[in-house]
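Accompanying notes for the structure given below.
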Amino acid sequence: MKSQKTNKQQAILLTRVSTEEQGQSRNGLEAQKANLLQFCKQNDIEIINHYEEISSGKYFDVKDRPVLAQAIEAARKAKAILLVAKIDRLSRDVELIAHLMNRGVRFASVEAGLNASAFEIQLRATFAAEERRKISERTREALQALKKTGKKLGNPKKGQDLIDMREAQVVKANIFAEQKEEYIRHLRDK
């Protein structure tokens, strides 16, 4: 009896959060992953690999996001789709989404489904870009409100961090000088 090779859809999964803090909490990454796993199970999609990225989605150039570049390359090699939970996890930049589409990168999102049209994907990318703009605006407004209340913004230990860094450099320089002292005396005596 001959075994038949199935043409099962294959996917490279990509999960992304924007900040180190979000990456450390793992909440967003785990929620995305669970969503992707459920989608793959429901749609009989074979998972080839999973890439996890902690990077802002605002970057236009893929080279600024090495994990995304690796995921795209893996999907190309395997002739698989790059699957994300939502288009904004791929990018919040309309140009990057259009660039990927124009270069023939096959991707899909759980949110839009496997059969989303290019038009729908572009619309979702536009909404994601607008949400990025709104997030930035809300953050600026919140920071301005804090400034008005007299709250000091930034790293409160920044000055101390610089002092600590200088002290560490002095300590390292002194250790280096102590290690080379005998050789320096030898050169000086010559």
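The chains in the structure tokens are called A, B, ... from first to last as shown; in each chain the residues are counted from 1, and the ligands are counted from 1 in the order shown.
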Contacts of region 100-108 of chain A at 9 Å (only C-alpha atoms; same-chain gap of 4+ positions) as a ChimeraX atom specification: /A:11,72,75-76,79-87,95-96,112-116,118,121
Nearby residues (only C-alpha atoms) at most 10 Å from Ser55 (chain A), same-chain spacing under 4 positions excluded, as a PyMOL selection string: chain A and resi 16-20+23+59+64-68+89+91
Selection export as a short mmCIF file (atom, residue, chain, number, x, y, z; two decimals), in the first residue's frame, atoms kept: all heavy atoms:
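Below is the file that was written, part-v6.cif:
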```
data_model
loop_
_atom_site.label_atom_id
_atom_site.label_comp_id
_atom_site.auth_asym_id
_atom_site.auth_seq_id
_atom_site.Cartn_x
_atom_site.Cartn_y
_atom_site.Cartn_z
N ARG A 16 4.88 38.75 18.82
CA ARG A 16 5.68 39.95 19.05
C ARG A 16 5.04 40.82 20.12
O ARG A 16 3.83 40.97 20.17
CB ARG A 16 5.79 40.78 17.76
CG ARG A 16 6.63 42.05 17.94
CD ARG A 16 6.61 42.94 16.72
NE ARG A 16 5.30 43.54 16.47
CZ ARG A 16 4.82 44.60 17.12
NH1 ARG A 16 5.52 45.18 18.07
NH2 ARG A 16 3.62 45.08 16.83
N VAL A 17 5.89 41.35 20.99
CA VAL A 17 5.51 42.43 21.89
C VAL A 17 6.50 43.56 21.69
O VAL A 17 7.60 43.35 21.15
CB VAL A 17 5.47 41.98 23.38
CG1 VAL A 17 4.31 41.03 23.63
CG2 VAL A 17 6.78 41.38 23.82
N SER A 18 6.14 44.75 22.12
CA SER A 18 6.94 45.92 21.79
C SER A 18 8.05 46.24 22.77
O SER A 18 9.04 46.86 22.40
CB SER A 18 6.02 47.15 21.68
OG SER A 18 5.07 46.95 20.66
N THR A 19 7.89 45.86 24.04
CA THR A 19 8.87 46.30 25.04
C THR A 19 9.45 45.12 25.82
O THR A 19 8.84 44.06 25.91
CB THR A 19 8.21 47.26 26.06
OG1 THR A 19 7.24 46.54 26.83
CG2 THR A 19 7.56 48.45 25.37
N GLU A 20 10.62 45.36 26.40
CA GLU A 20 11.27 44.34 27.24
C GLU A 20 10.37 43.96 28.41
O GLU A 20 10.30 42.80 28.79
CB GLU A 20 12.62 44.86 27.76
CG GLU A 20 13.70 44.93 26.72
CD GLU A 20 14.13 43.56 26.20
OE1 GLU A 20 14.08 42.58 26.96
OE2 GLU A 20 14.53 43.50 25.04
N GLY A 23 7.87 41.63 27.30
CA GLY A 23 8.53 40.35 27.04
C GLY A 23 8.78 39.58 28.32
O GLY A 23 8.61 38.37 28.37
N TYR A 59 9.04 49.87 12.83
CA TYR A 59 10.13 49.92 11.88
C TYR A 59 9.69 49.53 10.47
O TYR A 59 9.01 48.55 10.28
CB TYR A 59 11.28 49.01 12.32
CG TYR A 59 11.88 49.43 13.63
CD1 TYR A 59 11.74 48.65 14.76
CD2 TYR A 59 12.56 50.63 13.74
CE1 TYR A 59 12.28 49.04 15.97
CE2 TYR A 59 13.11 51.04 14.93
CZ TYR A 59 12.96 50.24 16.05
OH TYR A 59 13.49 50.63 17.24
N ASP A 64 15.86 46.02 10.39
CA ASP A 64 15.82 46.54 11.76
C ASP A 64 15.16 45.57 12.72
O ASP A 64 15.13 45.80 13.93
CB ASP A 64 15.06 47.88 11.81
CG ASP A 64 15.78 48.98 11.04
OD1 ASP A 64 17.03 48.97 11.03
OD2 ASP A 64 15.10 49.83 10.45
N ARG A 65 14.61 44.49 12.18
CA ARG A 65 13.94 43.47 12.99
C ARG A 65 14.47 42.10 12.59
O ARG A 65 13.85 41.38 11.81
CB ARG A 65 12.43 43.57 12.79
CG ARG A 65 11.86 44.86 13.37
CD ARG A 65 10.38 45.01 13.16
NE ARG A 65 9.63 43.87 13.63
CZ ARG A 65 8.36 43.64 13.26
NH1 ARG A 65 7.73 44.47 12.46
NH2 ARG A 65 7.72 42.58 13.71
N PRO A 66 15.62 41.70 13.13
CA PRO A 66 16.25 40.44 12.71
C PRO A 66 15.39 39.20 12.95
O PRO A 66 15.45 38.25 12.16
CB PRO A 66 17.55 40.39 13.51
CG PRO A 66 17.46 41.46 14.54
CD PRO A 66 16.42 42.43 14.11
N VAL A 67 14.59 39.19 13.99
CA VAL A 67 13.74 38.01 14.24
C VAL A 67 12.69 37.90 13.14
O VAL A 67 12.44 36.81 12.62
CB VAL A 67 13.08 38.08 15.64
CG1 VAL A 67 12.09 36.93 15.84
CG2 VAL A 67 14.14 38.06 16.74
N LEU A 68 12.10 39.02 12.75
CA LEU A 68 11.13 39.01 11.65
C LEU A 68 11.81 38.53 10.37
O LEU A 68 11.25 37.72 9.64
CB LEU A 68 10.51 40.39 11.45
CG LEU A 68 9.58 40.54 10.25
CD1 LEU A 68 8.40 39.57 10.33
CD2 LEU A 68 9.10 41.98 10.12
N ARG A 89 0.76 42.63 14.89
CA ARG A 89 1.88 41.88 15.46
C ARG A 89 2.97 41.70 14.41
O ARG A 89 4.13 41.55 14.75
CB ARG A 89 1.44 40.51 15.98
CG ARG A 89 0.41 40.53 17.09
CD ARG A 89 0.87 41.28 18.34
NE ARG A 89 0.69 42.72 18.22
CZ ARG A 89 1.35 43.63 18.93
NH1 ARG A 89 2.26 43.28 19.79
NH2 ARG A 89 1.12 44.91 18.78
N SER A 91 3.37 44.15 11.91
CA SER A 91 3.86 45.52 11.87
C SER A 91 2.69 46.48 12.02
O SER A 91 1.56 46.16 11.65
CB SER A 91 4.58 45.81 10.56
OG SER A 91 5.02 47.15 10.53
#
```
In region 45-182 of chain A, DSSP strand (DSSP E) residues written as a ChimeraX atom specification: /A:46-54,81-84,107-109
Residue list (helix (DSSP H, G or I), DSSP) for region 96-147 of chain A, as a VMD selection string: chain A and resid 96 to 102 118 to 147
Selected residue, from A:Leu36, A:Ile12, A:Ile45, A:Ala128, that lies nearest to Ala78 (chain A) when counting only C-alpha atoms: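 Distance minimum relative to Ala78 (chain A) lands on A:Ile12.
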